[in-house]
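Okay, target-v7.tsv is below, TSV, C-alpha atoms and all ligand atoms:
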chain	number	residue	atom	x	y	z
P	1	MET	CA	143.72	-81.84	-15.50
P	2	GLY	CA	142.63	-78.44	-14.25
P	3	SER	CA	143.91	-76.42	-11.37
P	4	ALA	CA	142.38	-73.14	-10.32
P	5	GLN	CA	144.25	-70.30	-8.68
P	6	ILE	CA	141.89	-68.56	-6.23
P	7	ILE	CA	142.60	-64.96	-5.31
P	8	GLN	CA	140.32	-64.01	-2.43
P	9	PHE	CA	138.95	-60.54	-1.67
P	10	THR	CA	136.63	-59.18	0.98
P	11	THR	CA	134.73	-56.83	-1.34
P	12	ASP	CA	133.68	-56.61	-5.01
P	13	ASP	CA	135.48	-53.27	-5.27
P	14	ALA	CA	138.76	-54.85	-4.18
P	15	LEU	CA	138.20	-57.76	-6.57
P	16	ALA	CA	137.45	-55.45	-9.50
P	17	ALA	CA	140.46	-53.24	-8.76
P	18	ALA	CA	142.88	-56.17	-8.59
P	19	ALA	CA	141.57	-57.82	-11.76
P	20	ALA	CA	141.65	-54.49	-13.57
P	21	GLU	CA	145.24	-53.86	-12.46
P	22	GLU	CA	146.27	-57.25	-13.74
P	23	TRP	CA	144.45	-56.73	-17.05
P	24	VAL	CA	146.09	-53.34	-17.61
P	25	SER	CA	149.47	-54.94	-16.91
P	26	ALA	CA	148.74	-57.67	-19.47
P	27	ILE	CA	147.78	-55.04	-22.04
P	28	ALA	CA	150.96	-53.04	-21.31
P	29	LYS	CA	153.07	-56.21	-21.67
P	30	ALA	CA	151.47	-57.04	-25.02
P	31	HIS	CA	152.20	-53.50	-26.24
P	32	ALA	CA	155.83	-53.71	-25.07
P	33	GLU	CA	156.18	-57.00	-26.97
P	34	GLY	CA	154.51	-55.64	-30.09
P	35	ARG	CA	151.58	-58.02	-29.80
P	36	ARG	CA	147.84	-57.52	-30.04
P	37	HIS	CA	145.76	-58.52	-27.00
P	38	LEU	CA	142.56	-60.36	-27.92
P	39	VAL	CA	140.06	-60.35	-25.06
P	40	ALA	CA	136.54	-61.79	-24.70
P	41	LEU	CA	134.35	-59.86	-22.25
P	42	SER	CA	131.39	-61.02	-20.15
P	43	GLY	CA	128.44	-59.21	-18.64
P	44	GLY	CA	127.35	-59.15	-15.03
P	45	ARG	CA	127.31	-56.83	-12.04
P	46	VAL	CA	130.96	-57.00	-11.01
P	47	THR	CA	131.97	-56.43	-14.64
P	48	ARG	CA	130.64	-52.90	-14.30
P	49	LYS	CA	133.12	-52.21	-11.50
P	50	PHE	CA	135.88	-54.00	-13.40
P	51	PHE	CA	135.44	-51.85	-16.51
P	52	ALA	CA	135.43	-48.62	-14.53
P	53	ALA	CA	138.54	-49.68	-12.60
P	54	ALA	CA	140.35	-50.69	-15.80
P	55	VAL	CA	139.68	-47.35	-17.48
P	56	ALA	CA	140.90	-45.46	-14.40
P	57	ARG	CA	144.07	-47.52	-13.94
P	58	ALA	CA	144.97	-47.46	-17.63
P	59	ARG	CA	144.64	-43.68	-17.58
P	60	GLU	CA	146.72	-43.35	-14.38
P	61	ARG	CA	149.43	-45.68	-15.76
P	62	GLY	CA	149.38	-44.18	-19.26
P	63	VAL	CA	148.53	-47.56	-20.79
P	64	SER	CA	146.73	-47.44	-24.13
P	65	PHE	CA	144.04	-49.88	-25.24
P	66	ARG	CA	145.04	-49.42	-28.88
P	67	ASP	CA	146.50	-52.96	-29.21
P	68	VAL	CA	143.38	-54.60	-27.79
P	69	GLU	CA	140.78	-56.39	-29.95
P	70	PHE	CA	137.47	-56.76	-28.10
P	71	PHE	CA	135.22	-59.80	-28.40
P	72	TRP	CA	132.62	-61.28	-26.04
P	73	ALA	CA	132.35	-64.52	-24.09
P	74	ASP	CA	128.60	-64.14	-24.39
P	75	GLU	CA	125.93	-61.74	-25.52
P	76	ARG	CA	122.22	-61.55	-25.07
P	77	CYS	CA	120.09	-61.59	-28.25
P	78	VAL	CA	118.86	-58.04	-27.87
P	79	PRO	CA	119.65	-54.89	-29.89
P	80	PRO	CA	122.93	-53.11	-29.05
P	81	ASP	CA	121.06	-50.23	-27.40
P	82	HIS	CA	118.97	-52.54	-25.19
P	83	PRO	CA	119.63	-52.24	-21.42
P	84	GLU	CA	120.34	-56.00	-21.29
P	85	SER	CA	123.06	-55.81	-23.97
P	86	ASN	CA	126.58	-56.78	-22.86
P	87	PHE	CA	127.84	-54.61	-25.71
P	88	LEU	CA	126.02	-51.60	-24.29
P	89	LEU	CA	127.54	-52.28	-20.86
P	90	ALA	CA	131.05	-52.28	-22.33
P	91	SER	CA	130.32	-49.35	-24.61
P	92	GLU	CA	129.17	-47.10	-21.78
P	93	LEU	CA	131.76	-48.12	-19.18
P	94	LEU	CA	134.80	-49.02	-21.24
P	95	PHE	CA	134.75	-48.14	-24.94
P	96	LYS	CA	133.46	-44.57	-24.68
P	97	PRO	CA	135.52	-43.50	-21.64
P	98	ALA	CA	138.67	-45.11	-23.09
P	99	GLN	CA	137.89	-43.86	-26.61
P	100	ILE	CA	138.26	-47.31	-28.17
P	101	ALA	CA	138.29	-47.32	-31.98
P	102	ALA	CA	135.20	-48.92	-33.53
P	103	GLY	CA	137.37	-51.23	-35.66
P	104	ALA	CA	138.66	-52.96	-32.51
P	105	ILE	CA	135.18	-53.79	-31.29
P	106	HIS	CA	133.86	-57.08	-32.69
P	107	ARG	CA	130.28	-56.93	-31.48
P	108	ILE	CA	128.07	-60.01	-31.51
P	109	ALA	CA	124.96	-59.12	-33.54
P	110	GLY	CA	122.45	-59.51	-30.73
P	111	GLU	CA	119.76	-58.01	-32.93
P	112	SER	CA	119.96	-61.09	-35.16
P	113	ASP	CA	118.63	-64.58	-34.64
P	114	ALA	CA	120.89	-66.49	-32.19
P	115	LEU	CA	122.05	-69.01	-34.81
P	116	MET	CA	122.96	-66.32	-37.32
P	117	ALA	CA	124.65	-64.21	-34.64
P	118	ALA	CA	126.71	-67.21	-33.48
P	119	GLN	CA	127.78	-67.96	-37.05
P	120	LEU	CA	128.78	-64.36	-37.75
P	121	ALA	CA	130.64	-64.06	-34.45
P	122	SER	CA	132.55	-67.28	-35.15
P	123	GLU	CA	133.59	-66.04	-38.61
P	124	GLU	CA	134.74	-62.71	-37.19
P	125	LEU	CA	136.83	-64.21	-34.39
P	126	LEU	CA	138.40	-66.72	-36.80
P	127	ARG	CA	139.17	-63.85	-39.20
P	128	ILE	CA	141.02	-61.82	-36.56
P	129	ALA	CA	142.67	-64.40	-34.30
P	130	GLU	CA	146.10	-65.76	-35.09
P	131	PRO	CA	147.42	-68.27	-34.16
P	132	LYS	CA	144.85	-71.00	-33.91
P	133	ALA	CA	144.88	-74.12	-31.74
P	134	GLY	CA	143.63	-76.69	-34.25
P	135	SER	CA	140.36	-75.23	-35.47
P	136	PHE	CA	139.99	-72.84	-32.53
P	137	PRO	CA	141.04	-69.20	-32.42
P	138	VAL	CA	143.46	-68.39	-29.58
P	139	LEU	CA	142.26	-65.53	-27.42
P	140	ASP	CA	144.78	-63.97	-25.04
P	141	LEU	CA	142.20	-63.62	-22.28
P	142	VAL	CA	138.64	-64.78	-21.66
P	143	LEU	CA	136.93	-62.89	-18.83
P	144	LEU	CA	134.04	-64.81	-17.23
P	145	GLY	CA	131.53	-64.09	-14.49
P	146	LEU	CA	130.09	-66.86	-12.31
P	147	GLY	CA	126.38	-67.42	-11.97
P	148	GLU	CA	124.61	-68.73	-8.87
P	149	ASP	CA	124.09	-72.04	-10.71
P	150	GLY	CA	127.74	-72.30	-11.73
P	151	HIS	CA	127.25	-70.99	-15.28
P	152	VAL	CA	129.97	-69.09	-17.05
P	153	ALA	CA	129.40	-67.05	-20.21
P	154	SER	CA	126.05	-68.49	-21.32
P	155	LEU	CA	127.04	-72.10	-20.73
P	156	PHE	CA	124.31	-73.22	-18.33
P	157	PRO	CA	123.99	-76.40	-16.24
P	158	GLY	CA	121.96	-79.13	-17.88
P	159	ASP	CA	122.45	-77.77	-21.40
P	160	VAL	CA	123.80	-81.01	-22.86
P	161	ARG	CA	124.18	-79.47	-26.32
P	162	THR	CA	126.56	-76.71	-25.31
P	163	ALA	CA	128.37	-78.91	-22.77
P	164	SER	CA	129.11	-81.55	-25.40
P	165	ASP	CA	129.89	-79.24	-28.31
P	166	THR	CA	133.62	-79.51	-28.91
P	167	VAL	CA	133.67	-77.97	-32.39
P	168	SER	CA	131.83	-74.65	-32.38
P	169	VAL	CA	133.51	-71.32	-31.75
P	170	PHE	CA	130.27	-69.56	-30.75
P	171	LEU	CA	127.00	-71.31	-29.97
P	172	ALA	CA	123.38	-70.23	-29.99
P	173	VAL	CA	121.50	-70.62	-26.70
P	174	LYS	CA	117.71	-70.65	-27.04
P	175	ASN	CA	116.38	-71.22	-23.53
P	176	SER	CA	118.70	-69.56	-21.08
P	177	PRO	CA	117.42	-69.88	-17.49
P	178	LYS	CA	118.88	-66.41	-16.95
P	179	PRO	CA	116.86	-63.89	-18.97
P	180	PRO	CA	116.87	-62.99	-21.74
P	181	PRO	CA	116.35	-66.51	-23.09
P	182	GLN	CA	118.19	-66.20	-26.40
P	183	ARG	CA	121.94	-65.73	-26.23
P	184	VAL	CA	125.22	-66.40	-27.99
P	185	THR	CA	128.06	-67.98	-26.04
P	186	LEU	CA	131.67	-68.87	-26.61
P	187	GLY	CA	131.99	-72.65	-26.70
P	188	HIS	CA	134.25	-74.84	-24.60
P	189	GLY	CA	136.78	-75.13	-27.43
P	190	PRO	CA	137.93	-71.52	-27.57
P	191	ILE	CA	137.73	-71.22	-23.78
P	192	ALA	CA	140.05	-74.22	-23.48
P	193	ALA	CA	142.35	-72.83	-26.20
P	194	ALA	CA	142.67	-69.34	-24.66
P	195	ARG	CA	146.01	-68.34	-23.22
P	196	GLU	CA	144.34	-67.19	-20.02
P	197	VAL	CA	140.89	-67.47	-18.47
P	198	TRP	CA	139.95	-65.31	-15.50
P	199	VAL	CA	136.69	-65.71	-13.57
P	200	LEU	CA	135.31	-62.77	-11.59
P	201	ALA	CA	133.29	-64.68	-8.98
P	202	SER	CA	131.37	-62.09	-7.04
P	203	GLY	CA	128.19	-61.71	-5.09
P	204	LYS	CA	125.97	-63.54	-2.64
P	205	GLY	CA	124.48	-66.95	-3.36
P	206	LYS	CA	127.47	-68.30	-5.27
P	207	GLU	CA	129.10	-70.23	-2.45
P	208	ALA	CA	127.68	-73.62	-3.44
P	209	ALA	CA	128.36	-73.08	-7.15
P	210	LEU	CA	131.98	-72.11	-6.55
P	211	HIS	CA	132.48	-74.88	-4.02
P	212	GLU	CA	131.19	-77.50	-6.46
P	213	SER	CA	133.10	-76.00	-9.37
P	214	LEU	CA	136.36	-76.43	-7.48
P	215	SER	CA	135.64	-80.09	-6.75
P	216	THR	CA	137.25	-82.68	-9.03
P	217	GLN	CA	133.77	-84.22	-9.21
P	218	GLY	CA	132.15	-80.90	-10.06
P	219	GLN	CA	129.53	-80.87	-12.81
P	220	THR	CA	128.93	-77.13	-13.23
P	221	PRO	CA	129.94	-75.36	-16.45
P	222	LEU	CA	132.74	-73.67	-14.49
P	223	ALA	CA	133.88	-77.10	-13.25
P	224	GLN	CA	134.00	-78.25	-16.88
P	225	VAL	CA	136.11	-75.23	-17.83
P	226	ILE	CA	138.50	-75.85	-14.90
P	227	GLN	CA	138.83	-79.51	-15.87
P	228	LEU	CA	139.53	-78.57	-19.50
P	229	ARG	CA	142.37	-76.18	-18.74
P	230	ALA	CA	145.81	-76.42	-17.15
P	231	ASN	CA	145.29	-73.04	-15.54
P	232	ILE	CA	142.50	-70.66	-14.61
P	233	LYS	CA	142.47	-67.67	-12.28
P	234	ILE	CA	139.47	-67.01	-10.05
P	235	PHE	CA	139.13	-63.58	-8.49
P	236	SER	CA	136.61	-64.20	-5.71
P	237	ASP	CA	134.76	-62.28	-3.03
P	238	VAL	CA	132.65	-65.38	-2.35
P	239	ASN	CA	132.98	-66.57	1.22
P	240	LEU	CA	133.78	-70.24	0.75
P	241	ALA	CA	134.22	-70.68	4.48
P	242	SER	CA	130.52	-69.96	5.00
P	243	GLY	CA	128.43	-72.91	6.01
P	244	LEU	CA	127.37	-74.45	2.74
G	1	LIG	C1	125.65	-62.67	-18.83
G	1	LIG	C2	126.99	-62.93	-18.23
G	1	LIG	C3	126.93	-64.01	-17.18
G	1	LIG	C4	127.38	-63.32	-15.91
G	1	LIG	C5	127.12	-64.17	-14.70
G	1	LIG	C6	127.49	-63.41	-13.42
G	1	LIG	O1	125.58	-62.27	-19.99
G	1	LIG	O2	124.67	-62.80	-18.10
G	1	LIG	O3	127.97	-63.05	-19.11
G	1	LIG	O4	127.73	-65.13	-17.47
G	1	LIG	O5	128.78	-63.03	-16.02
G	1	LIG	O6	125.75	-64.49	-14.70
G	1	LIG	O7	126.71	-62.26	-13.32
G	1	LIG	P1	126.75	-61.41	-11.94
G	1	LIG	O8	128.21	-61.04	-11.74
G	1	LIG	O9	125.86	-60.23	-12.22
G	1	LIG	O10	126.24	-62.31	-10.84

Output the file's structure in the form of structure tokens.
Ligand code: 6PG
Amino acid sequence: MGSAQIIQFTTDDALAAAAAEEWVSAIAKAHAEGRRHLVALSGGRVTRKFFAAAVARARERGVSFRDVEFFWADERCVPPDHPESNFLLASELLFKPAQIAAGAIHRIAGESDALMAAQLASEELLRIAEPKAGSFPVLDLVLLGLGEDGHVASLFPGDVRTASDTVSVFLAVKNSPKPPPQRVTLGHGPIAAAREVWVLASGKGKEAALHESLSTQGQTPLAQVIQLRANIKIFSDVNLASGL
């Protein structure tokens, strides 16, 4: 079913700038139409550049973040002031510089047990999101990074439980191969139900994962997301032409 639109860049800076520009435009459009913009953020290295570029462009264009509600595609089970926290990353590079109101930030309680944090995060997203697609909240945008193994959010290859879960909004992950081991991740349902999904595929060592994910026979978590959705946008600085 899926088809992915690949937008290719030569550097992570160019990728981050283009994705940020497009995100600021989406936020401005929502404001003009009197709509909220519900976004789920990811962690990762290129996300740092993306946040900084988004704050700069929004400021230059005079676009406010006041209609945006912030959620996460995944969070590590660490306290919010821990260096590994995806919340902390966003807080330092996006929320503080853009002076985002605390009420618009729907943090996943990483300090809690993964199961409890997943439950609380699901309740919060269901409380805020309207409309719903069946039992799933409809996010306007899910922002994902791509791991070297083809993971997105904290949906990892070989995790049969998360791959087959078609009912949960957020899921607990207990043995992530990417440290830290305990995480909370958005499930396939809300990712499939989102209006838009963008993947920021950046960095060395991701050629094989992206190549497989784009194959109709692909088995990576990103391949599953592509196959679940009619559309997905991949901002990439991965050199797919390299010898795989
Ligand atoms: C996380 C991220 C994860 C990340 C990818 C890509 O919490 O670890 O959400 O899904 O986006 O691993 O990370 P890099 O861009 O740093 O390679």

For this session: Name the residues, by chain letter and number, that sit within 7 Å of ligand LIG 1 (chain G) using only C-alpha atoms and all ligand atoms, and give them as JSON, numbers by chain.
Result: {"P": [42, 43, 44, 45, 46, 47, 73, 74, 75, 76, 86, 144, 145, 146, 147, 148, 151, 152, 153, 154, 178, 201, 202, 203]}

Report as a Markdown table the residues of stretch 8-98 of chain P within 6 Å of stretch 106-128 of chain P, each with its shortest atom pair and distance in Å (one decimal), using only C-alpha atoms, ordered by chain and increasing residue number.
| residue | atom | partner | partner_atom | distance |
| --- | --- | --- | --- | --- |
| P:Phe70 | CA | P:His106 | CA | 5.8 |
| P:Phe71 | CA | P:His106 | CA | 5.3 |
| P:Cys77 | CA | P:Gly110 | CA | 4.0 |
| P:Val78 | CA | P:Gly110 | CA | 4.8 |
| P:Pro79 | CA | P:Glu111 | CA | 4.4 |

Problem set entry | Polymer residues at most 12 Å from stretch 7-19 of chain P, all atoms listed in the file, same-chain spacing of 6 or more positions, as a ChimeraX atom specification | /P:25-26,45-58,143-145,197-204,232-241

Exercise. Between P:Ala104, P:Val63, P:Ala208, P:Leu155, which is the closest to P:His31 once you count all atoms listed in the file?
Worked result: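 Under the stated criterion, the closest residue is P:Val63.
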
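Taking atom CA of P:Pro157 and atom CA of P:Val39 as endpoints, the distance between them is 24.4 Å.
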
Exercise. Do you have the atom CA of P:Ala129-atom CA of P:Phe65 distance handy?
Worked result: 17.2 Å

Exercise. Can you tell me how far atom CA of P:Lys174 sits from atom CA of P:Ala133, in Å to one decimal?
Worked result: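 Those two atoms sit 27.8 Å apart.
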
For this session: Please provide as an MDAnalysis selection string all residues within 8 Å of stretch 212-220 of chain P, with the sequence filter that same-chain residues fewer than 6 positions apart are discarded (counting only C-alpha atoms).
Result: chainID P and resid 4 149:151 156:157 226:227

Exercise. Hey, what's within 12 Å of P:Ser164 if we count only C-alpha atoms and toss same-chain stuff fewer than 6 positions away? As a ChimeraX atom specification, please?
Worked result: /P:155-158,171,187-189,221,224

Exercise. Which is closer to P:Leu141 than all the others in P:Val160, P:Asp81, P:Leu38, P:Leu88, using only C-alpha atoms?
Worked result: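 Smallest distance to P:Leu141 is found for P:Leu38.
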
For this session: Counting all atoms listed in the file, figure out which residue out of P:Asn175, P:Arg229, P:Gly205, P:Pro180 gets nearest to P:Pro83.
Result: P:Pro180

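Proximity of P:Leu222, P:Ala230, P:Val173, P:Ala209 to P:Arg195, computed with all atoms listed in the file, is greatest for P:Ala230.
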